[in-house]
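Engineer: I am sharing data-v7.csv, which consists of CSV, N, CA and C atoms:
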```csv
chain,number,residue,atom,x,y,z
A,1,MET,N,0.9,-1.2,0.0
A,1,MET,CA,0.0,0.0,0.0
A,1,MET,C,0.9,1.2,0.0
A,2,THR,N,0.6,2.2,-0.9
A,2,THR,CA,1.4,3.4,-0.9
A,2,THR,C,1.2,4.2,0.3
A,3,PRO,N,2.1,5.2,0.7
A,3,PRO,CA,1.8,6.0,1.8
A,3,PRO,C,0.5,6.8,1.7
A,4,GLN,N,0.2,7.3,0.4
A,4,GLN,CA,-1.0,8.0,0.2
A,4,GLN,C,-2.2,7.2,0.5
A,5,GLU,N,-2.2,5.9,0.0
A,5,GLU,CA,-3.3,5.0,0.2
A,5,GLU,C,-3.5,4.7,1.7
A,6,LYS,N,-2.4,4.5,2.4
A,6,LYS,CA,-2.4,4.2,3.8
A,6,LYS,C,-3.0,5.4,4.6
A,7,ALA,N,-2.6,6.6,4.2
A,7,ALA,CA,-3.0,7.8,4.9
A,7,ALA,C,-4.6,7.9,4.8
A,8,ALA,N,-5.1,7.7,3.6
A,8,ALA,CA,-6.5,7.8,3.4
A,8,ALA,C,-7.2,6.7,4.1
A,9,ASN,N,-6.7,5.5,4.1
A,9,ASN,CA,-7.2,4.3,4.8
A,9,ASN,C,-7.3,4.6,6.3
A,10,LEU,N,-6.3,5.1,6.9
A,10,LEU,CA,-6.3,5.4,8.3
A,10,LEU,C,-7.3,6.4,8.7
A,11,ILE,N,-7.5,7.5,7.9
A,11,ILE,CA,-8.5,8.5,8.2
A,11,ILE,C,-9.9,7.9,8.2
A,12,VAL,N,-10.1,7.2,7.1
A,12,VAL,CA,-11.5,6.6,6.9
A,12,VAL,C,-11.8,5.6,8.0
A,13,SER,N,-10.8,4.8,8.3
A,13,SER,CA,-11.0,3.8,9.4
A,13,SER,C,-11.3,4.5,10.7
A,14,HIS,N,-10.7,5.6,11.0
A,14,HIS,CA,-11.0,6.3,12.3
A,14,HIS,C,-12.4,6.9,12.2
A,15,GLN,N,-12.8,7.4,11.1
A,15,GLN,CA,-14.1,8.0,10.9
A,15,GLN,C,-15.2,6.9,11.0
A,16,VAL,N,-15.0,5.7,10.4
A,16,VAL,CA,-16.0,4.7,10.4
A,16,VAL,C,-16.1,4.1,11.8
A,17,ASN,N,-15.0,3.8,12.5
A,17,ASN,CA,-15.0,3.2,13.8
A,17,ASN,C,-15.4,4.1,14.9
A,18,CYS,N,-15.2,5.4,14.7
A,18,CYS,CA,-15.6,6.4,15.7
A,18,CYS,C,-16.5,7.4,15.0
A,19,LYS,N,-17.7,7.1,14.9
A,19,LYS,CA,-18.7,7.9,14.1
A,19,LYS,C,-18.8,9.3,14.5
A,20,SER,N,-18.4,9.6,15.7
A,20,SER,CA,-18.6,11.0,16.2
A,20,SER,C,-17.4,11.9,15.9
A,21,LEU,N,-16.3,11.3,15.2
A,21,LEU,CA,-15.2,12.1,14.8
A,21,LEU,C,-15.4,12.8,13.6
A,22,SER,N,-15.0,14.1,13.6
A,22,SER,CA,-14.9,14.8,12.3
A,22,SER,C,-13.7,14.4,11.5
A,23,TYR,N,-13.7,14.8,10.3
A,23,TYR,CA,-12.5,14.5,9.4
A,23,TYR,C,-11.2,14.9,10.0
A,24,GLU,N,-11.2,16.1,10.6
A,24,GLU,CA,-10.0,16.7,11.2
A,24,GLU,C,-9.6,15.9,12.4
A,25,ASP,N,-10.6,15.5,13.2
A,25,ASP,CA,-10.3,14.7,14.4
A,25,ASP,C,-9.7,13.3,14.0
A,26,ALA,N,-10.3,12.8,13.0
A,26,ALA,CA,-9.8,11.5,12.5
A,26,ALA,C,-8.4,11.6,12.0
A,27,LYS,N,-8.0,12.7,11.3
A,27,LYS,CA,-6.7,13.0,10.9
A,27,LYS,C,-5.7,13.0,12.1
A,28,GLU,N,-6.1,13.7,13.1
A,28,GLU,CA,-5.3,13.8,14.4
A,28,GLU,C,-5.1,12.5,15.0
A,29,CYS,N,-6.2,11.7,15.1
A,29,CYS,CA,-6.0,10.3,15.6
A,29,CYS,C,-5.1,9.5,14.8
A,30,ALA,N,-5.2,9.6,13.5
A,30,ALA,CA,-4.3,8.8,12.6
A,30,ALA,C,-2.8,9.2,12.8
A,31,ILE,N,-2.6,10.5,13.0
A,31,ILE,CA,-1.2,11.0,13.2
A,31,ILE,C,-0.7,10.5,14.6
A,32,MET,N,-1.5,10.5,15.6
A,32,MET,CA,-1.1,10.0,16.9
A,32,MET,C,-0.8,8.5,16.8
A,33,LEU,N,-1.5,7.7,16.0
A,33,LEU,CA,-1.3,6.3,15.8
A,33,LEU,C,0.1,6.1,15.1
A,34,ILE,N,0.4,6.9,14.1
A,34,ILE,CA,1.7,6.9,13.4
A,34,ILE,C,2.8,7.2,14.4
A,35,ASP,N,2.6,8.2,15.2
A,35,ASP,CA,3.7,8.5,16.2
A,35,ASP,C,3.9,7.3,17.2
A,36,ALA,N,2.9,6.6,17.6
A,36,ALA,CA,3.0,5.5,18.4
A,36,ALA,C,3.7,4.3,17.7
A,37,VAL,N,3.4,4.1,16.5
A,37,VAL,CA,4.0,3.0,15.7
A,37,VAL,C,5.5,3.3,15.5
A,38,VAL,N,5.9,4.6,15.2
A,38,VAL,CA,7.3,5.0,15.0
A,38,VAL,C,8.0,4.8,16.3
A,39,ALA,N,7.5,5.2,17.4
A,39,ALA,CA,8.1,5.1,18.7
A,39,ALA,C,8.4,3.6,19.1
A,40,GLU,N,7.4,2.8,18.8
A,40,GLU,CA,7.5,1.4,19.1
A,40,GLU,C,8.6,0.8,18.2
A,41,THR,N,8.6,1.2,16.9
A,41,THR,CA,9.6,0.7,16.0
A,41,THR,C,11.0,1.0,16.4
A,42,TYR,N,11.3,2.2,16.9
A,42,TYR,CA,12.6,2.6,17.3
A,42,TYR,C,13.2,1.7,18.4
A,43,LYS,N,12.3,1.0,19.1
A,43,LYS,CA,12.8,0.0,20.2
A,43,LYS,C,13.7,-1.1,19.6
A,44,TYR,N,13.5,-1.3,18.3
A,44,TYR,CA,14.3,-2.4,17.6
A,44,TYR,C,15.4,-1.9,16.8
A,45,ALA,N,15.8,-0.6,16.9
A,45,ALA,CA,16.8,0.0,16.1
A,45,ALA,C,18.1,-0.6,16.1
A,46,GLU,N,18.6,-1.0,17.3
A,46,GLU,CA,19.9,-1.6,17.4
A,46,GLU,C,20.0,-2.9,16.6
A,47,ARG,N,19.1,-3.8,16.8
A,47,ARG,CA,19.1,-5.1,16.2
A,47,ARG,C,18.8,-5.1,14.7
A,48,TYR,N,17.8,-4.3,14.3
A,48,TYR,CA,17.3,-4.4,12.9
A,48,TYR,C,17.3,-3.0,12.3
A,49,GLU,N,18.5,-2.4,12.3
A,49,GLU,CA,18.6,-1.0,11.8
A,49,GLU,C,18.0,-0.7,10.4
A,50,GLN,N,18.3,-1.6,9.5
A,50,GLN,CA,17.9,-1.3,8.1
A,50,GLN,C,16.3,-1.4,8.0
A,51,TYR,N,15.8,-2.4,8.7
A,51,TYR,CA,14.3,-2.6,8.7
A,51,TYR,C,13.7,-1.4,9.4
A,52,VAL,N,14.2,-1.0,10.5
A,52,VAL,CA,13.6,0.1,11.3
A,52,VAL,C,13.6,1.3,10.5
A,53,MET,N,14.7,1.7,9.8
A,53,MET,CA,14.8,2.9,9.1
A,53,MET,C,13.8,2.9,7.9
A,54,ALA,N,13.6,1.8,7.2
A,54,ALA,CA,12.7,1.7,6.1
A,54,ALA,C,11.2,1.8,6.7
A,55,ASN,N,11.0,1.2,7.8
A,55,ASN,CA,9.6,1.2,8.4
A,55,ASN,C,9.3,2.7,8.8
A,56,VAL,N,10.2,3.3,9.5
A,56,VAL,CA,10.0,4.7,10.0
A,56,VAL,C,9.8,5.6,8.8
A,57,SER,N,10.6,5.4,7.8
A,57,SER,CA,10.5,6.3,6.6
A,57,SER,C,9.1,6.1,5.9
A,58,TYR,N,8.6,4.9,5.9
A,58,TYR,CA,7.3,4.7,5.3
A,58,TYR,C,6.2,5.4,6.1
A,59,TRP,N,6.3,5.2,7.5
A,59,TRP,CA,5.2,5.9,8.3
A,59,TRP,C,5.3,7.4,8.3
A,60,LYS,N,6.5,7.9,8.1
A,60,LYS,CA,6.7,9.4,8.0
A,60,LYS,C,6.1,9.9,6.7
A,61,GLU,N,6.2,9.1,5.7
A,61,GLU,CA,5.6,9.4,4.4
A,61,GLU,C,4.0,9.4,4.5
A,62,VAL,N,3.5,8.4,5.2
A,62,VAL,CA,2.1,8.4,5.5
A,62,VAL,C,1.6,9.6,6.3
A,63,GLU,N,2.4,10.0,7.3
A,63,GLU,CA,2.0,11.2,8.0
A,63,GLU,C,2.1,12.4,7.1
A,64,GLU,N,3.0,12.5,6.3
A,64,GLU,CA,3.1,13.7,5.3
A,64,GLU,C,1.8,13.7,4.4
A,65,GLU,N,1.4,12.5,4.0
A,65,GLU,CA,0.2,12.4,3.1
A,65,GLU,C,-1.1,12.9,3.9
A,66,ILE,N,-1.1,12.5,5.2
A,66,ILE,CA,-2.3,12.9,6.0
A,66,ILE,C,-2.3,14.4,6.2
A,67,ASN,N,-1.2,15.0,6.4
A,67,ASN,CA,-1.1,16.4,6.6
A,67,ASN,C,-1.5,17.2,5.3
A,68,LYS,N,-1.3,16.5,4.1
A,68,LYS,CA,-1.6,17.1,2.8
A,68,LYS,C,-3.2,17.1,2.6
A,69,MET,N,-3.8,16.2,3.3
A,69,MET,CA,-5.3,16.0,3.0
A,69,MET,C,-6.1,17.0,3.7
```
Taking this structure as input, can you express it in the form of structure tokens?
Structural biologist:
Amino acid sequence: MTPQEKAANLIVSHQVNCKSLSYEDAKECAIMLIDAVVAETYKYAERYEQYVMANVSYWKEVEEEINKM
């Protein structure tokens, strides 16, 4: 899934699962989720540096796409 597709998917998922969320609130929740995923990923940086950097890069691209929406 491209970062742009993932960004759209995260926002829609939050809107569908939390019907009371506005689009902007869903964006905020998606960004908080990305921050949590990135923080958790960094825990494995020493052992799996190449994987971690690719994973973090992907999630940061998703976050950029969310901010563009």
Engineer: What does the structure give for the distance between atom N of Tyr42 (chain A) and CA of Val56 (chain A), in Å to one decimal?
Structural biologist: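 Separating atom N of Tyr42 (chain A) from CA of Val56 (chain A) is a distance of 7.5 Å.
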Engineer: When distances are computed from only N, CA and C atoms, which of A:Lys68, A:Val52, A:His14, A:Thr2 shows the smallest separation from Ala30 (chain A)?
Structural biologist: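 Using only N, CA and C atoms, Ala30 (chain A) sits closest to A:His14.
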Engineer: Could you pull out all residues of chain A with a DSSP call of alpha helix (DSSP H) and give them as a ChimeraX atom specification?
Structural biologist: /A:3-17,23-42,49-68
Engineer: So how far away is atom C of Tyr58 (chain A) from atom C of Leu21 (chain A), in Å?
Structural biologist: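 Answer for the atom C of Leu21 (chain A) to atom C of Tyr58 (chain A) separation: 24.0 Å.
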Engineer: Calculate how many Å separate CA of Ala7 (chain A) from CA of Thr41 (chain A), rounding to one decimal.
Structural biologist: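 Taking CA of Ala7 (chain A) as the start and CA of Thr41 (chain A) as the end point, the length is 18.2 Å.
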Engineer: Taking the structure I provided as the source, export region 18-30 of chain A with N, CA and C atoms, as a CSV table (one decimal), in the first residue's frame.
Structural biologist:
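After the write, decode_12.csv holds the following:
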```csv
chain,number,residue,atom,x,y,z
A,18,CYS,N,-15.2,5.4,14.7
A,18,CYS,CA,-15.6,6.4,15.7
A,18,CYS,C,-16.5,7.4,15.0
A,19,LYS,N,-17.7,7.1,14.9
A,19,LYS,CA,-18.7,7.9,14.1
A,19,LYS,C,-18.8,9.3,14.5
A,20,SER,N,-18.4,9.6,15.7
A,20,SER,CA,-18.6,11.0,16.2
A,20,SER,C,-17.4,11.9,15.9
A,21,LEU,N,-16.3,11.3,15.2
A,21,LEU,CA,-15.2,12.1,14.8
A,21,LEU,C,-15.4,12.8,13.6
A,22,SER,N,-15.0,14.1,13.6
A,22,SER,CA,-14.9,14.8,12.3
A,22,SER,C,-13.7,14.4,11.5
A,23,TYR,N,-13.7,14.8,10.3
A,23,TYR,CA,-12.5,14.5,9.4
A,23,TYR,C,-11.2,14.9,10.0
A,24,GLU,N,-11.2,16.1,10.6
A,24,GLU,CA,-10.0,16.7,11.2
A,24,GLU,C,-9.6,15.9,12.4
A,25,ASP,N,-10.6,15.5,13.2
A,25,ASP,CA,-10.3,14.7,14.4
A,25,ASP,C,-9.7,13.3,14.0
A,26,ALA,N,-10.3,12.8,13.0
A,26,ALA,CA,-9.8,11.5,12.5
A,26,ALA,C,-8.4,11.6,12.0
A,27,LYS,N,-8.0,12.7,11.3
A,27,LYS,CA,-6.7,13.0,10.9
A,27,LYS,C,-5.7,13.0,12.1
A,28,GLU,N,-6.1,13.7,13.1
A,28,GLU,CA,-5.3,13.8,14.4
A,28,GLU,C,-5.1,12.5,15.0
A,29,CYS,N,-6.2,11.7,15.1
A,29,CYS,CA,-6.0,10.3,15.6
A,29,CYS,C,-5.1,9.5,14.8
A,30,ALA,N,-5.2,9.6,13.5
A,30,ALA,CA,-4.3,8.8,12.6
A,30,ALA,C,-2.8,9.2,12.8
```
